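A short worksheet on the structure shown next.
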Amino acid sequence: MSRVCILICALACLLAAPAGASPGPFTYRAVVSKFGVLNRHGGGAVSAEMASRGQYVVGFASDIDACTIVATLGRATTDGGQVEKPGFISAAPVAVNSNFVSVYTSDMRGRPRDYAFHVLVACP
(Lines give C-alpha, C1' and ligand atoms only; values in the text may rest on other atoms or scores of the structure.)
Protein backbone atom coordinates (compact mmCIF):
# COMPACT_ATOMS: atom_id res chain seq x y z
CA MET A 1 0.00 0.00 0.00
CA SER A 2 2.82 2.46 0.79
CA ARG A 3 4.36 1.97 -2.69
CA VAL A 4 1.06 2.97 -4.26
CA CYS A 5 0.91 6.13 -2.11
CA ILE A 6 4.47 7.09 -3.10
CA LEU A 7 3.69 6.54 -6.78
CA ILE A 8 0.48 8.60 -6.56
CA CYS A 9 2.28 11.42 -4.71
CA ALA A 10 5.10 11.47 -7.27
CA LEU A 11 2.61 11.59 -10.14
CA ALA A 12 0.67 14.40 -8.44
CA CYS A 13 3.87 16.44 -8.05
CA LEU A 14 4.70 16.03 -11.72
CA LEU A 15 1.22 17.06 -12.80
CA ALA A 16 1.17 20.04 -10.43
CA ALA A 17 4.36 21.58 -11.87
CA PRO A 18 3.68 24.69 -13.97
CA ALA A 19 3.95 24.21 -17.74
CA GLY A 20 6.87 26.65 -18.03
CA ALA A 21 8.75 25.33 -15.03
CA SER A 22 12.49 25.13 -15.51
CA PRO A 23 13.99 21.65 -15.26
CA GLY A 24 16.90 23.11 -13.29
CA PRO A 25 20.40 23.99 -14.49
CA PHE A 26 21.44 22.37 -17.76
CA THR A 27 24.13 22.70 -20.43
CA TYR A 28 23.95 22.29 -24.18
CA ARG A 29 27.06 21.87 -26.30
CA ALA A 30 27.78 21.62 -30.01
CA VAL A 31 30.80 21.22 -32.26
CA VAL A 32 30.16 22.51 -35.77
CA SER A 33 32.34 22.05 -38.88
CA LYS A 34 33.33 24.98 -41.06
CA PHE A 35 30.68 23.73 -43.50
CA GLY A 36 27.91 24.07 -40.91
CA VAL A 37 27.60 20.37 -40.07
CA LEU A 38 26.74 19.45 -36.47
CA ASN A 39 29.54 17.00 -35.64
CA ARG A 40 29.63 16.36 -31.89
CA HIS A 41 26.89 17.54 -29.59
CA GLY A 42 25.38 16.78 -26.27
CA GLY A 43 21.89 16.87 -24.90
CA GLY A 44 19.97 19.60 -26.62
CA ALA A 45 21.88 20.69 -29.72
CA VAL A 46 19.52 19.72 -32.53
CA SER A 47 20.72 21.47 -35.70
CA ALA A 48 23.41 23.56 -37.33
CA GLU A 49 23.66 25.23 -40.71
CA MET A 50 25.80 27.71 -42.56
CA ALA A 51 23.78 30.83 -43.42
CA SER A 52 26.54 32.48 -45.48
CA ARG A 53 30.31 32.85 -45.42
CA GLY A 54 31.36 32.94 -41.75
CA GLN A 55 27.75 32.97 -40.50
CA TYR A 56 26.09 30.00 -38.84
CA VAL A 57 22.90 29.19 -36.94
CA VAL A 58 22.88 26.50 -34.24
CA GLY A 59 19.54 25.20 -32.91
CA PHE A 60 18.85 23.87 -29.44
CA ALA A 61 15.96 21.92 -27.90
CA SER A 62 14.60 24.74 -25.76
CA ASP A 63 14.56 28.51 -25.25
CA ILE A 64 18.05 29.78 -24.40
CA ASP A 65 17.06 33.37 -23.61
CA ALA A 66 18.28 33.27 -19.97
CA CYS A 67 21.42 31.25 -20.74
CA THR A 68 25.10 32.10 -21.02
CA ILE A 69 26.56 31.44 -24.48
CA VAL A 70 30.26 30.80 -25.00
CA ALA A 71 31.86 30.04 -28.37
CA THR A 72 35.41 29.35 -29.46
CA LEU A 73 37.12 28.45 -32.70
CA GLY A 74 38.27 24.84 -32.68
CA ARG A 75 38.59 21.66 -34.68
CA ALA A 76 35.38 19.80 -35.41
CA THR A 77 36.90 16.33 -35.65
CA THR A 78 38.23 14.01 -32.98
CA ASP A 79 41.16 12.95 -35.18
CA GLY A 80 42.75 16.40 -35.20
CA GLY A 81 42.78 17.62 -38.76
CA GLN A 82 44.52 20.65 -40.19
CA VAL A 83 45.31 23.51 -37.84
CA GLU A 84 43.26 26.59 -38.74
CA LYS A 85 44.68 30.09 -38.94
CA PRO A 86 43.78 32.42 -36.04
CA GLY A 87 40.48 34.25 -36.20
CA PHE A 88 37.59 35.74 -34.28
CA ILE A 89 34.21 34.40 -33.21
CA SER A 90 31.07 35.88 -31.69
CA ALA A 91 27.82 34.23 -30.65
CA ALA A 92 24.43 35.55 -29.51
CA PRO A 93 20.78 34.44 -29.44
CA VAL A 94 19.02 34.97 -32.77
CA ALA A 95 16.10 36.74 -31.04
CA VAL A 96 14.28 37.01 -27.72
CA ASN A 97 12.67 33.71 -26.66
CA SER A 98 14.62 31.82 -29.30
CA ASN A 99 16.10 28.33 -29.49
CA PHE A 100 18.80 29.48 -31.92
CA VAL A 101 22.28 30.98 -31.63
CA SER A 102 23.90 33.06 -34.38
CA VAL A 103 27.62 32.48 -34.71
CA TYR A 104 29.93 34.74 -36.73
CA THR A 105 33.51 33.80 -37.58
CA SER A 106 36.13 35.99 -39.25
CA ASP A 107 39.84 36.14 -39.99
CA MET A 108 42.26 38.40 -38.12
CA ARG A 109 41.31 41.32 -40.40
CA GLY A 110 37.63 40.98 -39.57
CA ARG A 111 36.64 39.50 -42.94
CA PRO A 112 34.05 36.68 -42.80
CA ARG A 113 35.78 33.30 -42.96
CA ASP A 114 34.52 29.77 -42.47
CA TYR A 115 35.87 28.15 -39.29
CA ALA A 116 34.92 25.11 -37.24
CA PHE A 117 33.80 26.06 -33.73
CA HIS A 118 32.49 24.90 -30.35
CA VAL A 119 29.43 26.38 -28.61
CA LEU A 120 28.51 25.93 -24.94
CA VAL A 121 25.14 27.11 -23.64
CA ALA A 122 24.80 27.05 -19.83
CA CYS A 123 21.32 27.69 -18.45
CA PRO A 124 20.21 28.45 -14.89
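Every chain in the C-alpha coordinates takes a letter, A first, then B, and so on in the order presented; its residues are numbered from 1, and the ligands are numbered from 1 following the presented order.
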**Contacts of stretch 27-34 of chain A at 10 Å (only C-alpha atoms; same-chain gap of 3+ positions) as a VMD selection string** = chain A and resid 37 to 50 53 to 62 64 67 to 77 105 113 to 124
**Prompt:** Quick one: residues within 6 Å of A:Ser106, only C-alpha atoms counted, chain neighbours fewer than 3 positions away excluded, as a list in words?
**Reply:**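 Counting only the stated atoms, we get Gly87, Phe88, Gly110, Arg111, Pro112 and Arg113 of chain A.
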**Asked** With only C-alpha atoms as the basis for distance, which of A:Ser52, A:Val103, A:Ala66, A:Ala92 is at the shortest distance from A:Pro25?
**Response**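 Nearest candidate to A:Pro25 out of A:Ser52, A:Val103, A:Ala66, A:Ala92: A:Ala66.
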**Prompt:** If you measure from atom CA of A:Glu84 to atom CA of A:Phe100, what distance in Å do you get, rounded to one decimal?
**Reply:**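 One can read the atom CA of A:Glu84 to atom CA of A:Phe100 distance as 25.6 Å.
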**Request:** Name the residues of stretch 15-108 of chain A that fall into strand (DSSP E or B) according to DSSP on the backbone, using the chain letters and numbers of this document, as a ChimeraX atom specification.
**Result:** /A:26-32,38-42,45-52,55-60,68-73,87-93,100-107
Restricting it to N, CA and C atoms, dump the selection as a CSV table (one decimal), in the first residue's frame.
chain,number,residue,atom,x,y,z
A,26,PHE,N,21.1,23.3,-16.7
A,26,PHE,CA,21.4,22.4,-17.8
A,26,PHE,C,22.4,23.0,-18.7
A,27,THR,N,23.1,22.2,-19.5
A,27,THR,CA,24.1,22.7,-20.4
A,27,THR,C,23.9,22.0,-21.8
A,28,TYR,N,24.0,22.8,-22.8
A,28,TYR,CA,23.9,22.3,-24.2
A,28,TYR,C,25.3,22.5,-24.8
A,29,ARG,N,25.8,21.7,-25.6
A,29,ARG,CA,27.1,21.9,-26.3
A,29,ARG,C,27.0,21.4,-27.7
A,30,ALA,N,27.8,22.0,-28.6
A,30,ALA,CA,27.8,21.6,-30.0
A,30,ALA,C,29.2,21.9,-30.6
A,31,VAL,N,29.6,21.0,-31.5
A,31,VAL,CA,30.8,21.2,-32.3
A,31,VAL,C,30.3,21.2,-33.7
A,32,VAL,N,30.6,22.3,-34.4
A,32,VAL,CA,30.2,22.5,-35.8
A,32,VAL,C,31.3,22.6,-36.7
A,38,LEU,N,26.7,19.7,-37.9
A,38,LEU,CA,26.7,19.5,-36.5
A,38,LEU,C,27.5,18.1,-36.3
A,39,ASN,N,28.7,18.2,-35.8
A,39,ASN,CA,29.5,17.0,-35.6
A,39,ASN,C,29.3,16.3,-34.3
A,40,ARG,N,29.8,16.9,-33.2
A,40,ARG,CA,29.6,16.4,-31.9
A,40,ARG,C,28.7,17.3,-31.1
A,41,HIS,N,27.8,16.7,-30.4
A,41,HIS,CA,26.9,17.5,-29.6
A,41,HIS,C,26.4,16.7,-28.4
A,42,GLY,N,25.9,17.5,-27.4
A,42,GLY,CA,25.4,16.8,-26.3
A,42,GLY,C,24.1,17.4,-25.8
A,45,ALA,N,21.5,20.1,-28.4
A,45,ALA,CA,21.9,20.7,-29.7
A,45,ALA,C,21.2,19.9,-30.8
A,46,VAL,N,20.3,20.5,-31.6
A,46,VAL,CA,19.5,19.7,-32.5
A,46,VAL,C,19.8,20.0,-34.0
A,47,SER,N,20.5,21.2,-34.3
A,47,SER,CA,20.7,21.5,-35.7
A,47,SER,C,21.8,22.5,-35.8
A,48,ALA,N,22.4,22.5,-37.0
A,48,ALA,CA,23.4,23.6,-37.3
A,48,ALA,C,23.4,23.7,-38.8
A,49,GLU,N,23.6,25.0,-39.3
A,49,GLU,CA,23.7,25.2,-40.7
A,49,GLU,C,24.5,26.5,-41.0
A,50,MET,N,25.1,26.5,-42.1
A,50,MET,CA,25.8,27.7,-42.6
A,50,MET,C,24.8,28.6,-43.3
A,51,ALA,N,24.7,29.9,-42.8
A,51,ALA,CA,23.8,30.8,-43.4
A,51,ALA,C,24.5,31.5,-44.6
A,52,SER,N,25.7,31.9,-44.4
A,52,SER,CA,26.5,32.5,-45.5
A,52,SER,C,28.0,32.4,-45.0
A,55,GLN,N,29.0,32.8,-41.3
A,55,GLN,CA,27.8,33.0,-40.5
A,55,GLN,C,27.0,31.6,-40.4
A,56,TYR,N,26.7,31.3,-39.1
A,56,TYR,CA,26.1,30.0,-38.8
A,56,TYR,C,24.9,30.2,-37.9
A,57,VAL,N,24.0,29.2,-37.9
A,57,VAL,CA,22.9,29.2,-36.9
A,57,VAL,C,22.9,27.8,-36.3
A,58,VAL,N,22.9,27.8,-35.0
A,58,VAL,CA,22.9,26.5,-34.2
A,58,VAL,C,21.6,26.5,-33.5
A,59,GLY,N,20.8,25.4,-33.6
A,59,GLY,CA,19.5,25.2,-32.9
A,59,GLY,C,19.6,24.3,-31.7
A,60,PHE,N,18.9,24.6,-30.7
A,60,PHE,CA,18.8,23.9,-29.4
A,60,PHE,C,17.4,23.5,-29.1
A,68,THR,N,23.8,31.5,-20.7
A,68,THR,CA,25.1,32.1,-21.0
A,68,THR,C,25.6,31.3,-22.2
A,69,ILE,N,26.1,32.1,-23.2
A,69,ILE,CA,26.6,31.4,-24.5
A,69,ILE,C,28.0,31.7,-24.6
A,70,VAL,N,28.8,30.7,-24.8
A,70,VAL,CA,30.3,30.8,-25.0
A,70,VAL,C,30.6,30.1,-26.3
A,71,ALA,N,31.4,30.7,-27.1
A,71,ALA,CA,31.9,30.0,-28.4
A,71,ALA,C,33.4,30.2,-28.6
A,72,THR,N,34.0,29.3,-29.2
A,72,THR,CA,35.4,29.3,-29.5
A,72,THR,C,35.7,28.6,-30.8
A,73,LEU,N,36.7,29.1,-31.5
A,73,LEU,CA,37.1,28.4,-32.7
A,73,LEU,C,37.8,27.2,-32.3
A,87,GLY,N,41.6,33.5,-35.8
A,87,GLY,CA,40.5,34.2,-36.2
A,87,GLY,C,39.7,34.7,-35.0
A,88,PHE,N,38.5,35.3,-35.3
A,88,PHE,CA,37.6,35.7,-34.3
A,88,PHE,C,36.3,35.0,-34.4
A,89,ILE,N,35.5,35.0,-33.3
A,89,ILE,CA,34.2,34.4,-33.2
A,89,ILE,C,33.3,35.2,-32.3
A,90,SER,N,32.1,35.3,-32.6
A,90,SER,CA,31.1,35.9,-31.7
A,90,SER,C,29.8,35.1,-31.8
A,91,ALA,N,29.0,35.0,-30.7
A,91,ALA,CA,27.8,34.2,-30.7
A,91,ALA,C,26.8,35.0,-29.8
A,92,ALA,N,25.5,34.9,-30.2
A,92,ALA,CA,24.4,35.5,-29.5
A,92,ALA,C,23.1,34.9,-29.9
A,93,PRO,N,22.1,35.0,-29.0
A,93,PRO,CA,20.8,34.4,-29.4
A,93,PRO,C,20.3,35.1,-30.7
A,100,PHE,N,17.7,29.4,-31.0
A,100,PHE,CA,18.8,29.5,-31.9
A,100,PHE,C,19.9,30.5,-31.5
A,101,VAL,N,21.1,30.1,-31.9
A,101,VAL,CA,22.3,31.0,-31.6
A,101,VAL,C,22.9,31.3,-33.0
A,102,SER,N,23.2,32.6,-33.2
A,102,SER,CA,23.9,33.1,-34.4
A,102,SER,C,25.4,33.1,-34.0
A,103,VAL,N,26.2,32.5,-34.9
A,103,VAL,CA,27.6,32.5,-34.7
A,103,VAL,C,28.3,33.1,-35.9
A,104,TYR,N,29.2,34.1,-35.7
A,104,TYR,CA,29.9,34.7,-36.7
A,104,TYR,C,31.4,34.5,-36.6
A,105,THR,N,32.1,34.0,-37.6
A,105,THR,CA,33.5,33.8,-37.6
A,105,THR,C,34.2,34.7,-38.6
A,106,SER,N,35.4,35.1,-38.3
A,106,SER,CA,36.1,36.0,-39.2
A,106,SER,C,37.6,35.8,-39.1
A,107,ASP,N,38.4,36.2,-40.1
A,107,ASP,CA,39.8,36.1,-40.0
A,107,ASP,C,40.4,37.3,-39.1
